[in-house]
Every structure is written in structure tokens, then in C-alpha cells.
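K.L.:
Sharing a structure with you now.
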Amino acid sequence: MFFSPTRPVGLILSLFASTLIFAQGGGTIAGSLEANKEPVEFANVLLLSAADSAVVKMELADEAGAFRFRDITAGEYFIRTSGIGLPQTDQAVFTLAVGQELTLPRYSLISNTTDLATIEVTARKPFLEQKAGRLVVNVDQAITGQGGSVVDLLKKVPGVVVAGERISMAGKSGLTILIDGRPTKYLDINSLLRDMPADNIKSIEVISQPGAAYDAEGNGGVINIVLKKNSLLGTNGQVYVGGGYGERAKYRAGAELSHQSGPINLTGGISYNHREWVEGLDLIRRFDDRTYVQDNNSYGTPNSYSLRLGADYDLNDRHRLGVNGQYSLGESPSFGENSTRIIEPESSDLMTEFVTFRDRQRDWNNLNLDAYYRLKLDTSGQELTIDGSLNTFERDTRITLRTVGSDAYPDRLNLEPSQASILSGRLDYRNPLNDELVFTAGAKVSRAELDNELLAQVATNGAMERDDNLSNRYLYDEDIRAVYSELVWEKGDWSAKAGLRYEHTRMDGYNVTIDSLNIREFGQLFPSMSVSAPLAGPLGVSLAYSYRIERPSYYDLNPFISYLDPLTYEKGNPFLQPELIHSGQLSVTYEKQPFLNLSYDHTNDILADVTQQDQETEVAFQTTVNLDRFVRYGGSLFFPLDWVAKPVSGYGGAMLYYNDYSSDFLGGNLNQDQWSLTGFLQLDVKLPRDWKLQVSGWYQGTGLDGIIRFQPMYGLDAGLQKDFLDDRLNLILSGDGIVQQFFRGQIRYQEQDMDVLSSWEAPVFSAKVTYKFGNRFLKKRDSRNSASQEERGRIGD
């Protein structure tokens, strides 16, 4: 259903204006620290938001162990303390009312009466955290996966399975991936994730029910990759070097430096990553008179470089501004050897065979610039935030295909220059109306401009000539205008949220070669709501609903053809329509940690990757289409492993979902369904001499994705970690894919009879050494006890 853009805009803006009259005084939070019944001097004290663990303010305890935070907005918070020889400890969540002067209970920290440096650190940020509307996976706490790229860390997210370039959650592909909340659908996301080192990642958020403040983009599987940010006082830094080997070598190095003093916070980092990879794709395609057996093996030797700079500055207590920038560039050469055998079905006699060599050289660069300004309108918690970002991506690709053993397939050369530019700006307003009610509203505009060209050449009479049948240029512009309003109510353990978002979209796709313009323009309202309540004792329950949209990506719309070999290629579909999703979820938590989730999704015009074949030429290709309907329901169950034994911790879980596709497709009635089970387990063990062991595994049962059914897959990783030199030096040893079952699928639909085997490099063994330095390690000697030492610099990881 489509709406006039002026009506919801006026409605939300009127709500926005009507709430500006609410303003009351800010609050104060005071407390003190002790260890062994003595005040703890100069410990780091952080005030963090309970909603997202964001640092609100930072202080040092005074000589009496006291601390105080002033002009604090009403809301839920918790205190984090740290120091050398002191465990990083998160205290209980508390609520601050508007204008309240709150005195916290005296916090007793674990310490030693003679030397705090001998304390055993027991407090640790949990690997999984269930927060409002999302599951936070603190992957920087993982031991395995740290030797690789972001793709390796995605495997640590419960229910996520990475099979080659296919990323799925609980058996369903087509996930929406954000980086620091920014969309990536305009970019070459597979290359970006593969080239981005894991060292840059703080956490990965699985957003199951995004609120109105989020973009409406996302089909129920929204993953936000959160980059590391500085939260250390003084000047600090680290350098690291790592390497690994599976079938090919990997190595990387980097350095990070930060300085935070008074109102200014400066950060910088530089990294180099060389991560070679190996992949295989085997196809068996059956026809009445012949069978094609295609074995495709490829490897890549990419190099990437990255520079990051950032600055945050507090003009005063009410005004804060910041800028961040990252520039990355690299080269991604790859080399493939694709052998094809054509066999007579009954006798299994070889009819013919040939080999195609596919070499690709790709140079790329990516620039991200972000700036923000935050204004505290008063001391009651009213805030206005303005954000702007510019993201550019360029790549220059050269692909050659050379076939040996058959004169039927001439050599080919494709030149593929590509450019993308995404500019966006948003404004957000927050107003605590009273102790229990918070109103937020905002607006966002974004524009994406993309230009991709294919200059195809084919060998003719010994010379390369332009192939006018394949050469093409495709321009794509996308404009999105959005406004939203959201109301949040909290009282004790009860809470409720209701939001409404309106988005107006215009998408222009212009095929320059054939002078064809395809325009789509539509407006849509996206409601969302949730309710949370205590159930019994430590148990809680929540119910949520949202209406979402998934727009086709630029690379899905791009009509270009990319050959794997002469008989197999990929191409885009410029006539794709957005998919629309109704999503509901019922959750049960235990001590606010994930326990049980039940969900139901109904999707119209779902975007699905499918294969098709030309029955005359017997050439197969992959493309993206809209299938009529997709229904998915089921649930997930999480459980802790701390009960196993004292030195053991971790978690496990399982997801069971029913997937049902129905559509008119390729002249037939597609009606396929499948129950799919996903299991995951992570075990952390404290070993003697302060070594830590981590073992993680996953299992993906039989599943269904569009028209392809796949067989069970599984994997097992393990790693060791130890700190040396008073925690300055960290060593990680890991093995990823020690046990591995690869992707195996079958397509049996209409006249297609195909088997697929996708494999990747496993196992991969790696090592990483990190050396940390700076104010976080400065010690202050207690004047009353020369054996007691305190840290002044560290305020959190």
C-alpha cells in the first residue's frame, strides 16, 4: 500500500514539536569504592548505558575512593570499575530518575591486602549479551577466528553459517549487513568482509526486531558489525603481528594509537593484511543425452592496507562533535582452473573435455567519512544529534578466460570499472518526558550513485575484438527520505516501545547501452512495537512485532554477465522488486540473557538466488528473482555451560525453523518446505599457568534456500590464549575448521537436475602476538602501603 509522503511527515513533525515543552533537571550519581575494607584510590570508574553499554562519562576515584557524575540524563545505567591488579567489574544496573541525586551502595572490589597486582581477574564481559531488540556477540572476547578476517568472526555468531561466499542464519541466506549502522548493499560486500581484518572488530549485533530509529531495511536477519573505538584515558596503543597457514599463507600487522585527555579523544590506526584463500565449486548437471561434470578450483592472493583516524571533542558539557575517517585500498588477484567433462549417461563414456583458466585482477579503494554533532538542550536529557557520512567505493577489474581442449569457446577479456558514492545525513531528537516515558523522533536522507561498465572482448581470427552482445554500462541512483517517531515506557522490569517510520524511495536504473530507463518510486509506513515484562523470579518475557522491507542490492540489479567458465555464468536482474516482511517474536530471558525465542515471518516477493538453464545450449547461470511467498517460523534455545565445572564457562544453543517457499516460477508451481536445525557450542576453560582454552563448534542440518536443498554441514575450531609481561603481551594460537563438512546441495526442479559441492580452505592454523603500551599500565604507589599499586589509565577494553 502506498501513501502520500506529506501526511506521515506532518504527523511525526507535529509530535516532535509538541514534546519540546517537557524539560526537568538533570541528575547526579555518587558512590565509593573499597577493597579489603580500605578505600580504593584512583581507580577508573565508567558510567555506561544499560541499553547498549555505551560510555556516558568517565571519572577517577579520589583518595577516599569516592566518585561523582553530574548532569546525567534519566535512564538505566551501570558502573564499570577497573585498575591494574583489579578485575574489570560491572556492577548491577540501576535507574536514575529525572533530577534525582542518587547515592549508590559502596562497591567492594576484590583485591589483595599486600599487592593488588597479584589479584586473579575473574570478572569478564560476557560473550553473549541480550539487549533491547538485539543479541550482542562480543567477538573481541573470542580466541578462535582472531587470526583471520571478518568472515571468520561471523562464524562466531550463534546460528550464522559461512559456506564460501554464502552467509546464512539458521539456514536462511540474504542477510542484511551493516558496518557501524551503515548499509553495505551498494558495496562489494563479499570482498569487503574478506579483506577486513578481524582485529578491527569489537562486537557483532544480531538485530532481530529493529525499532523505528533504524532503517526499515532488513528481512529479519540484520547483522551490525561494530568497529573498535577508544575508551582509554591518557596515551595508549598497541602493535600486533600475526600469521597463519592452511593450504596457503596468511600474515598481517598493524598498530593503533589513542590519546584521551580532558575534552579531546584522538584515535588512529594502520594495518596491513595478506590473506590468501582457496575455494572449490563442483557441479554435476544432468540432461537426457549427456552429463556435465564441472570442477572449479580457485585461489586468491589479496593484499589490503587501511588507515583510520578519528577525533571527538567536548566544546563544553552540552556540546560534543566528532569526525572519523577510514581509507582502505588493496589488490585482489585470483586464479581459477575449471575443468569440464561431458559424459554419456548410460555408458559413462567420456564424450569430450576441456579446461578453462580464469584469472582476475582487481584493484579497489574505499573511503568512509563520518561527522556528528550532539547538543544537550537542557539538563533533563533532551538531546539533538546530527550525523553525516560519505562512503565511496571504486574498483577496477580485469578478467581473462582462456579455454584449452576445445575450439568452440574463444578466449575472452572483460574490463569492469566500477564506482559507488553514498551520501547520507540524519537528525535525531530525544526527550525524557518523565521518569518513565522517553520520546524520540528524527529524519534521514540518503543518496546513492553507482556507475558500472563492462567492456567485453572476444578472440576473433587471432585478435581481441569488442563483444557488443555483452558490453554494457549501467547507472543506478537511489534516493531514500525517512522520518520516524518512537515512544518508550519503562517502569521497573516492565517496558514497552511503539514506533512508526515512513520511508519514501526512488530507484532509477539506466541501461546506457540500450537506452532503457527503469524507475520505481514508492512510499511505505513501517510500524514496530514491543512489550517486556517479568515472568517469574529471574525469568522475563517480551513480545515484539515489526514490518520491514528488503530492497534489491545494486549488484543484484546490475544486468552484466560474469563467466565462471564457458558453460556457467552469473547475471543480475534489473526488474527485481523489493520484498516486504511481517515479523513477530516472543522471547523468554533468564537474568536478561538469551534463553528462548519463538518467531514467525511472512515475506512477499522474497529475493532469492536461483539457477536456471538454457535447454538448447545447456548453459547454466545464477541470478536473483522474486518468489511469491516465503513463510518461516520456529525458535531458538540458549543455555549456559558454567554449571559443568568451576574452570569451565561458555554457552550452547539450537535453532529449529520451518521454511516454506511457494511461487509460480519457470512455468511451474514451486512449493517446497523443510524443517532445519542449527546447533552451536562454545566452551571456555581456564587451564593451569593462566592459559585459556576455547573450543567452538557449529552444526547446520538439512535445509532449504529457494530452490536448492542442502545437506548437513558442521565445523569445529579451537584456540589457546595467554598474557605475559603483566598483561602487556598477548599470545593467541588458534585452529579454525579443524573438523569441517562442506556445503552439498541438490536442485531438482522443472528440467533442472543438479548437484553442488562448495568447499573452502580448512583447517587453517594461525598465531597472533599483541603488545600493548601506554597510560593504562602506569602505576601509582600508595603512600600508606608501598606494596600497593593502582592503575590510572585503564577505563575498559
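In the C-alpha cells, each chain is lettered A, B, ... as it comes, each chain's residues begin at 1, and ligands are numbered from 1 in order of appearance.
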Give me, as a PyMOL selection string, all polymer residues having an atom no more than 9 Å from stretch 282-286 of chain A, counting only C-alpha atoms and skipping those fewer than 6 positions away in the same chain.
P.N.:
chain A and resi 292-297+345+620+752-759
K.L.:
Go ahead and save the residues from that selection, with all heavy atoms, as a short mmCIF file (atom, residue, chain, number, x, y, z; two decimals), in the first residue's frame.
P.N.:
```cif
data_model
loop_
_atom_site.label_atom_id
_atom_site.label_comp_id
_atom_site.auth_asym_id
_atom_site.auth_seq_id
_atom_site.Cartn_x
_atom_site.Cartn_y
_atom_site.Cartn_z
N TYR A 292 27.16 -33.09 -17.50
CA TYR A 292 28.29 -32.18 -17.37
C TYR A 292 28.88 -32.32 -15.96
O TYR A 292 28.17 -32.15 -14.96
CB TYR A 292 27.87 -30.74 -17.60
CG TYR A 292 27.48 -30.43 -19.02
CD1 TYR A 292 26.20 -30.69 -19.49
CD2 TYR A 292 28.41 -29.87 -19.91
CE1 TYR A 292 25.84 -30.41 -20.81
CE2 TYR A 292 28.06 -29.57 -21.21
CZ TYR A 292 26.78 -29.85 -21.65
OH TYR A 292 26.43 -29.57 -22.95
N VAL A 293 30.17 -32.62 -15.89
CA VAL A 293 30.89 -32.68 -14.62
C VAL A 293 31.90 -31.54 -14.63
O VAL A 293 32.88 -31.56 -15.38
CB VAL A 293 31.59 -34.03 -14.42
CG1 VAL A 293 32.32 -34.05 -13.08
CG2 VAL A 293 30.59 -35.17 -14.50
N GLN A 294 31.65 -30.51 -13.80
CA GLN A 294 32.47 -29.30 -13.80
C GLN A 294 33.14 -29.13 -12.44
O GLN A 294 32.46 -29.02 -11.42
CB GLN A 294 31.61 -28.07 -14.12
CG GLN A 294 30.93 -28.14 -15.48
CD GLN A 294 29.87 -27.07 -15.66
OE1 GLN A 294 28.67 -27.35 -15.65
NE2 GLN A 294 30.31 -25.82 -15.84
N ASP A 295 34.47 -29.13 -12.44
CA ASP A 295 35.27 -28.97 -11.22
C ASP A 295 36.00 -27.64 -11.29
O ASP A 295 36.87 -27.44 -12.15
CB ASP A 295 36.27 -30.11 -11.07
CG ASP A 295 35.60 -31.47 -10.96
OD1 ASP A 295 34.50 -31.53 -10.37
OD2 ASP A 295 36.16 -32.46 -11.48
N ASN A 296 35.64 -26.73 -10.39
CA ASN A 296 36.20 -25.37 -10.39
C ASN A 296 37.01 -25.16 -9.12
O ASN A 296 36.48 -25.25 -8.00
CB ASN A 296 35.08 -24.34 -10.45
CG ASN A 296 34.12 -24.60 -11.59
OD1 ASN A 296 34.48 -24.42 -12.74
ND2 ASN A 296 32.90 -25.02 -11.28
N ASN A 297 38.29 -24.88 -9.28
CA ASN A 297 39.18 -24.63 -8.15
C ASN A 297 39.87 -23.28 -8.35
O ASN A 297 40.39 -23.00 -9.44
CB ASN A 297 40.24 -25.73 -8.03
CG ASN A 297 39.62 -27.10 -7.76
OD1 ASN A 297 39.15 -27.35 -6.66
ND2 ASN A 297 39.61 -27.97 -8.76
N PRO A 345 25.41 -40.54 -20.40
CA PRO A 345 24.83 -41.02 -19.14
C PRO A 345 24.80 -42.53 -18.97
O PRO A 345 25.12 -43.04 -17.88
CB PRO A 345 23.40 -40.44 -19.17
CG PRO A 345 23.47 -39.29 -20.12
CD PRO A 345 24.49 -39.67 -21.14
N ALA A 620 24.25 -23.01 -17.93
CA ALA A 620 23.59 -22.71 -16.66
C ALA A 620 24.04 -21.35 -16.16
O ALA A 620 25.20 -20.95 -16.37
CB ALA A 620 23.91 -23.78 -15.62
N GLN A 752 15.66 -28.96 -14.29
CA GLN A 752 16.99 -28.87 -13.69
C GLN A 752 17.26 -30.06 -12.78
O GLN A 752 16.45 -30.40 -11.91
CB GLN A 752 17.11 -27.58 -12.87
CG GLN A 752 17.04 -26.31 -13.68
CD GLN A 752 17.38 -25.09 -12.86
OE1 GLN A 752 18.52 -24.93 -12.41
NE2 GLN A 752 16.40 -24.22 -12.65
N ASP A 753 18.40 -30.69 -13.00
CA ASP A 753 18.86 -31.82 -12.19
C ASP A 753 20.34 -31.57 -11.92
O ASP A 753 21.20 -31.86 -12.76
CB ASP A 753 18.64 -33.13 -12.95
CG ASP A 753 18.97 -34.36 -12.09
OD1 ASP A 753 19.55 -34.18 -11.00
OD2 ASP A 753 18.65 -35.48 -12.52
N MET A 754 20.64 -31.04 -10.75
CA MET A 754 21.99 -30.55 -10.50
C MET A 754 22.44 -30.88 -9.08
O MET A 754 21.65 -30.79 -8.14
CB MET A 754 22.03 -29.02 -10.71
CG MET A 754 23.40 -28.38 -10.57
SD MET A 754 23.32 -26.56 -10.68
CE MET A 754 22.47 -26.33 -12.24
N ASP A 755 23.72 -31.26 -8.91
CA ASP A 755 24.36 -31.43 -7.62
C ASP A 755 25.45 -30.37 -7.47
O ASP A 755 26.16 -30.05 -8.42
CB ASP A 755 25.00 -32.82 -7.49
CG ASP A 755 23.96 -33.93 -7.48
OD1 ASP A 755 22.78 -33.63 -7.19
OD2 ASP A 755 24.32 -35.08 -7.78
N VAL A 756 25.58 -29.84 -6.25
CA VAL A 756 26.53 -28.76 -5.99
C VAL A 756 27.38 -29.14 -4.78
O VAL A 756 26.85 -29.57 -3.75
CB VAL A 756 25.81 -27.42 -5.71
CG1 VAL A 756 26.82 -26.32 -5.45
CG2 VAL A 756 24.89 -27.05 -6.86
N LEU A 757 28.69 -28.96 -4.89
CA LEU A 757 29.60 -29.10 -3.75
C LEU A 757 30.46 -27.84 -3.68
O LEU A 757 31.19 -27.53 -4.63
CB LEU A 757 30.49 -30.33 -3.90
CG LEU A 757 31.63 -30.45 -2.86
CD1 LEU A 757 31.06 -30.57 -1.45
CD2 LEU A 757 32.55 -31.62 -3.18
N SER A 758 30.35 -27.12 -2.56
CA SER A 758 31.15 -25.92 -2.35
C SER A 758 32.10 -26.17 -1.19
O SER A 758 31.68 -26.59 -0.11
CB SER A 758 30.24 -24.72 -2.04
OG SER A 758 31.00 -23.57 -1.74
N SER A 759 33.39 -25.92 -1.40
CA SER A 759 34.40 -26.17 -0.37
C SER A 759 35.27 -24.93 -0.20
O SER A 759 35.32 -24.06 -1.07
CB SER A 759 35.26 -27.38 -0.73
OG SER A 759 35.92 -27.18 -1.97
#
```
K.L.:
May I have all residues of stretch 398-599 of chain A that DSSP, computed from the backbone, assigns to strand (DSSP E or B), given as a ChimeraX atom specification?
P.N.:
/A:398-404,412-432,437-460,463-466,472-491,494-511,516-536,539-550,561-565,568-571,579-590,593-599
K.L.:
May I have the residues within 10 Å of A:Leu564 as a list in words, using only C-alpha atoms and disregarding those fewer than 6 positions away in the same chain?
P.N.:
Asn296, Gly336, Glu337, Asn338, Thr356, Phe357, Arg358, Leu401, Glu570 and Phe621 of chain A
K.L.:
Mind checking which residues fall within 10 Å of A:Arg709, counting only C-alpha atoms, ignoring those fewer than 5 positions away in the same chain, and posting them as a list in words?
P.N.:
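Near neighbours after the sequence-gap exclusion: Gln672, Asp673, Gln674, Thr702, Gly703, Leu704, Arg744, Gly745, Gln746, Ile747, Arg748, Asp755 and Val756 of chain A.
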K.L.:
Residues near A:Ala253, anyone? I mean within 6 Å using only C-alpha atoms, not counting same-chain ones fewer than 5 positions away, as a list in words.
P.N.:
Tyr240, Val241, Ser271 and Tyr272 of chain A
K.L.:
Which residues come within 12 Å of A:Gly27, counting only C-alpha atoms, excluding same-chain residues fewer than 2 positions away, as a PyMOL selection string?
P.N.:
chain A and resi 24-25+29-30+68-75+95-103+378-381+435
K.L.:
For each of A:Val93, A:Val588, A:Val323, A:Val458, take the minimum atom-to-atom distance to A:Asn368, counting only C-alpha atoms, then give the residue where this is smallest.
P.N.:
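Of A:Val93, A:Val588, A:Val323, A:Val458, the one nearest A:Asn368, counting only C-alpha atoms, is A:Val323.
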K.L.:
What does the structure give for the distance between atom CA of A:Arg395 and atom CA of A:Gly425, in Å to one decimal?
P.N.:
25.0 Å
K.L.:
Return the single residue from A:Gly237, A:Pro39, A:Pro527, A:Pro559 that is closest to A:Thr513, with distances computed using only C-alpha atoms.
P.N.:
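For A:Thr513, the nearest of the candidates is A:Pro559.
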K.L.:
In terms of the shortest atom-to-atom distance over only C-alpha atoms, which of A:Ile223, A:Leu104, A:Leu637, A:Ala441 is closest to A:Ser599?
P.N.:
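Closest to A:Ser599, using only C-alpha atoms: A:Leu637.
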